[in-house]
>>> print(open('start.pdb').read())   # PDB, C-alpha atoms
ATOM      1  CA  MET A  17     111.001  80.183  78.890  1.00  0.00           C
ATOM      2  CA  GLY A  18     107.402  80.022  77.654  1.00  0.00           C
ATOM      3  CA  ARG A  19     107.236  76.273  78.290  1.00  0.00           C
ATOM      4  CA  LEU A  20     107.345  76.762  82.084  1.00  0.00           C
ATOM      5  CA  PHE A  21     103.775  78.086  82.264  1.00  0.00           C
ATOM      6  CA  ASP A  22     102.212  75.911  79.524  1.00  0.00           C
ATOM      7  CA  GLY A  23     100.444  73.656  82.032  1.00  0.00           C
ATOM      8  CA  PRO A  24      99.009  74.094  85.509  1.00  0.00           C
ATOM      9  CA  TRP A  25     101.426  71.712  87.301  1.00  0.00           C
ATOM     10  CA  PRO A  26     104.532  73.941  87.375  1.00  0.00           C
ATOM     11  CA  ILE A  27     102.457  76.782  88.829  1.00  0.00           C
ATOM     12  CA  VAL A  28     100.928  74.465  91.460  1.00  0.00           C
ATOM     13  CA  ILE A  29     104.374  73.189  92.455  1.00  0.00           C
ATOM     14  CA  ILE A  30     105.715  76.745  92.800  1.00  0.00           C
ATOM     15  CA  ILE A  31     102.745  77.735  95.002  1.00  0.00           C
ATOM     16  CA  VAL A  32     103.162  74.648  97.228  1.00  0.00           C
ATOM     17  CA  VAL A  33     106.896  75.296  97.670  1.00  0.00           C
ATOM     18  CA  ALA A  34     106.243  78.954  98.512  1.00  0.00           C
ATOM     19  CA  LEU A  35     103.597  77.952 101.094  1.00  0.00           C
ATOM     20  CA  LEU A  36     105.967  75.466 102.710  1.00  0.00           C
ATOM     21  CA  LEU A  37     108.759  78.037 102.885  1.00  0.00           C
ATOM     22  CA  PHE A  38     106.818  81.027 104.173  1.00  0.00           C
ATOM     23  CA  ALA A  39     103.788  79.584 105.979  1.00  0.00           C
ATOM     24  CA  ALA A  40     105.227  76.401 107.530  1.00  0.00           C
ATOM     25  CA  PRO A  41     104.900  77.569 111.165  1.00  0.00           C
ATOM     26  CA  LYS A  42     101.235  78.462 110.643  1.00  0.00           C
ATOM     27  CA  LEU A  43     100.191  75.256 108.859  1.00  0.00           C
ATOM     28  CA  PRO A  44      99.384  73.199 112.020  1.00  0.00           C
ATOM     29  CA  ALA A  45      97.135  75.956 113.376  1.00  0.00           C
ATOM     30  CA  MET A  46      95.390  76.322 110.018  1.00  0.00           C
ATOM     31  CA  ALA A  47      94.851  72.558 109.792  1.00  0.00           C
ATOM     32  CA  ARG A  48      93.471  72.461 113.355  1.00  0.00           C
ATOM     33  CA  SER A  49      91.110  75.322 112.564  1.00  0.00           C
ATOM     34  CA  LEU A  50      89.952  73.588 109.386  1.00  0.00           C
ATOM     35  CA  GLY A  51      89.303  70.362 111.325  1.00  0.00           C
ATOM     36  CA  GLN A  52      87.257  72.184 113.968  1.00  0.00           C
ATOM     37  CA  SER A  53      85.232  73.930 111.267  1.00  0.00           C
ATOM     38  CA  MET A  54      84.511  70.630 109.541  1.00  0.00           C
ATOM     39  CA  ARG A  55      83.362  69.068 112.840  1.00  0.00           C
ATOM     40  CA  ILE A  56      81.046  72.003 113.506  1.00  0.00           C
ATOM     41  CA  ILE A  57      79.577  71.820 110.004  1.00  0.00           C
ATOM     42  CA  LYS A  58      79.096  68.058 110.341  1.00  0.00           C
ATOM     43  CA  SER A  59      77.286  68.401 113.680  1.00  0.00           C
ATOM     44  CA  GLU A  60      75.093  71.237 112.353  1.00  0.00           C
ATOM     45  CA  VAL A  61      74.087  69.177 109.319  1.00  0.00           C
ATOM     46  CA  LYS A  62      73.240  66.255 111.613  1.00  0.00           C
ATOM     47  CA  GLU A  63      71.124  68.573 113.814  1.00  0.00           C
ATOM     48  CA  MET A  64      69.325  69.947 110.758  1.00  0.00           C
ATOM     49  CA  LYS A  65      68.432  66.411 109.702  1.00  0.00           C
ATOM     50  CA  ASN A  66      67.193  65.560 113.224  1.00  0.00           C
ATOM     51  CA  ASP A  67      65.192  68.797 113.595  1.00  0.00           C
ATOM     52  CA  GLY A  68      62.541  67.668 111.137  1.00  0.00           C
ATOM     53  CA  LYS A  69      62.128  64.342 112.923  1.00  0.00           C
ATOM     54  CA  ALA A  70      61.899  65.913 116.389  1.00  0.00           C
ATOM     55  CA  ASP A  71      59.287  68.476 115.287  1.00  0.00           C
ATOM     56  CA  SER A  72      56.981  65.856 113.801  1.00  0.00           C
ATOM     57  CA  THR A  73      57.075  63.704 116.956  1.00  0.00           C
ATOM     58  CA  ALA A  74      56.502  66.684 119.277  1.00  0.00           C
ATOM     59  CA  ASP A  75      53.462  67.835 117.293  1.00  0.00           C
ATOM     60  CA  ALA A  76      51.921  64.372 117.394  1.00  0.00           C
ATOM     61  CA  SER A  77      52.151  64.104 121.190  1.00  0.00           C
ATOM     62  CA  GLY A  78      50.137  67.275 121.822  1.00  0.00           C
ATOM     63  CA  PRO A  79      50.859  70.306 123.976  1.00  0.00           C
ATOM     64  CA  VAL A  80      53.358  70.139 126.781  1.00  0.00           C
ATOM     65  CA  GLU A  81      52.206  71.150 130.250  1.00  0.00           C
ATOM     66  CA  GLY A  82      54.497  72.867 132.712  1.00  0.00           C
ATOM     67  CA  THR A  83      54.467  73.925 136.331  1.00  0.00           C
ATOM     68  CA  ILE A  84      55.238  77.334 137.820  1.00  0.00           C
ATOM     69  CA  VAL A  85      58.233  77.234 140.115  1.00  0.00           C
ATOM     70  CA  ASN A  86      58.820  79.969 142.689  1.00  0.00           C
ATOM     71  CA  HIS A  87      62.193  81.581 143.052  1.00  0.00           C
ATOM     72  CA  PRO A  88      64.221  79.759 145.739  1.00  0.00           C
ATOM     73  CA  LYS A  89      64.775  82.989 147.759  1.00  0.00           C
ATOM     74  CA  ALA A  90      61.118  84.083 147.587  1.00  0.00           C
ATOM     75  CA  LYS A  91      59.058  83.999 150.742  1.00  0.00           C
ATOM     76  CA  PRO A  92      55.700  82.176 150.623  1.00  0.00           C
ATOM     77  CA  GLY A  93      53.016  84.436 149.175  1.00  0.00           C
ATOM     78  CA  GLU A  94      55.530  86.970 147.876  1.00  0.00           C
ATOM     79  CA  PRO A  95      55.387  87.746 144.128  1.00  0.00           C
ATOM     80  CA  THR A  96      58.515  86.691 142.275  1.00  0.00           C
ATOM     81  CA  ASP A  97      58.139  88.652 139.045  1.00  0.00           C
ATOM     82  CA  GLY A  98      57.973  92.140 140.586  1.00  0.00           C
ATOM     83  CA  THR A  99      54.552  93.041 139.153  1.00  0.00           C
ATOM     84  CA  ASP A 100      52.806  93.528 142.532  1.00  0.00           C
ATOM     85  CA  VAL A 101      55.781  95.105 144.306  1.00  0.00           C
ATOM     86  CA  PRO A 102      55.892  98.902 144.643  1.00  0.00           C
ATOM     87  CA  PRO A 103      58.765 100.546 142.707  1.00  0.00           C
ATOM     88  CA  SER A 104      60.394 101.796 145.920  1.00  0.00           C
ATOM     89  CA  THR A 105      60.968  98.220 147.180  1.00  0.00           C
ATOM     90  CA  ARG A 106      62.169  96.678 143.908  1.00  0.00           C
ATOM     91  CA  ALA A 107      65.804  95.656 143.870  1.00  0.00           C
TER
END
>>> encode(input="start.pdb", output="structure tokens")
Amino acid sequence: MGRLFDGPWPIVIIIVVALLLFAAPKLPAMARSLGQSMRIIKSEVKEMKNDGKADSTADASGPVEGTIVNHPKAKPGEPTDGTDVPPSTRA
């Protein structure tokens, strides 16, 4: 009886058989979840590698200029951020 647990292989085989018997319906979902997690990790690692390259090129080009765009429903000359509008007329 003591020879059954002398090595790791009999224990591994027992665990695999138990998983197949009791968790068989859940295995496809677990494998799908593991695959999605691996894809996310892979893409995040790739982004981390590219972040250093993108930062160095953006710093070399200088500051970026932008334009102020009015809200599409704003009337000409009307403030769009609500700073010059009295509190009674704010929406």
>>> atom_distance(input="start.pdb", atom1="CA of Ala47 (chain A)", atom2="CA of Val32 (chain A)")
15.2 Å
>>> atom_distance(input="start.pdb", atom1="CA of Ala45 (chain A)", atom2="CA of Ile30 (chain A)")
22.3 Å
>>> atom_distance(input="start.pdb", atom1="CA of Leu37 (chain A)", atom2="CA of Asp22 (chain A)")
24.4 Å
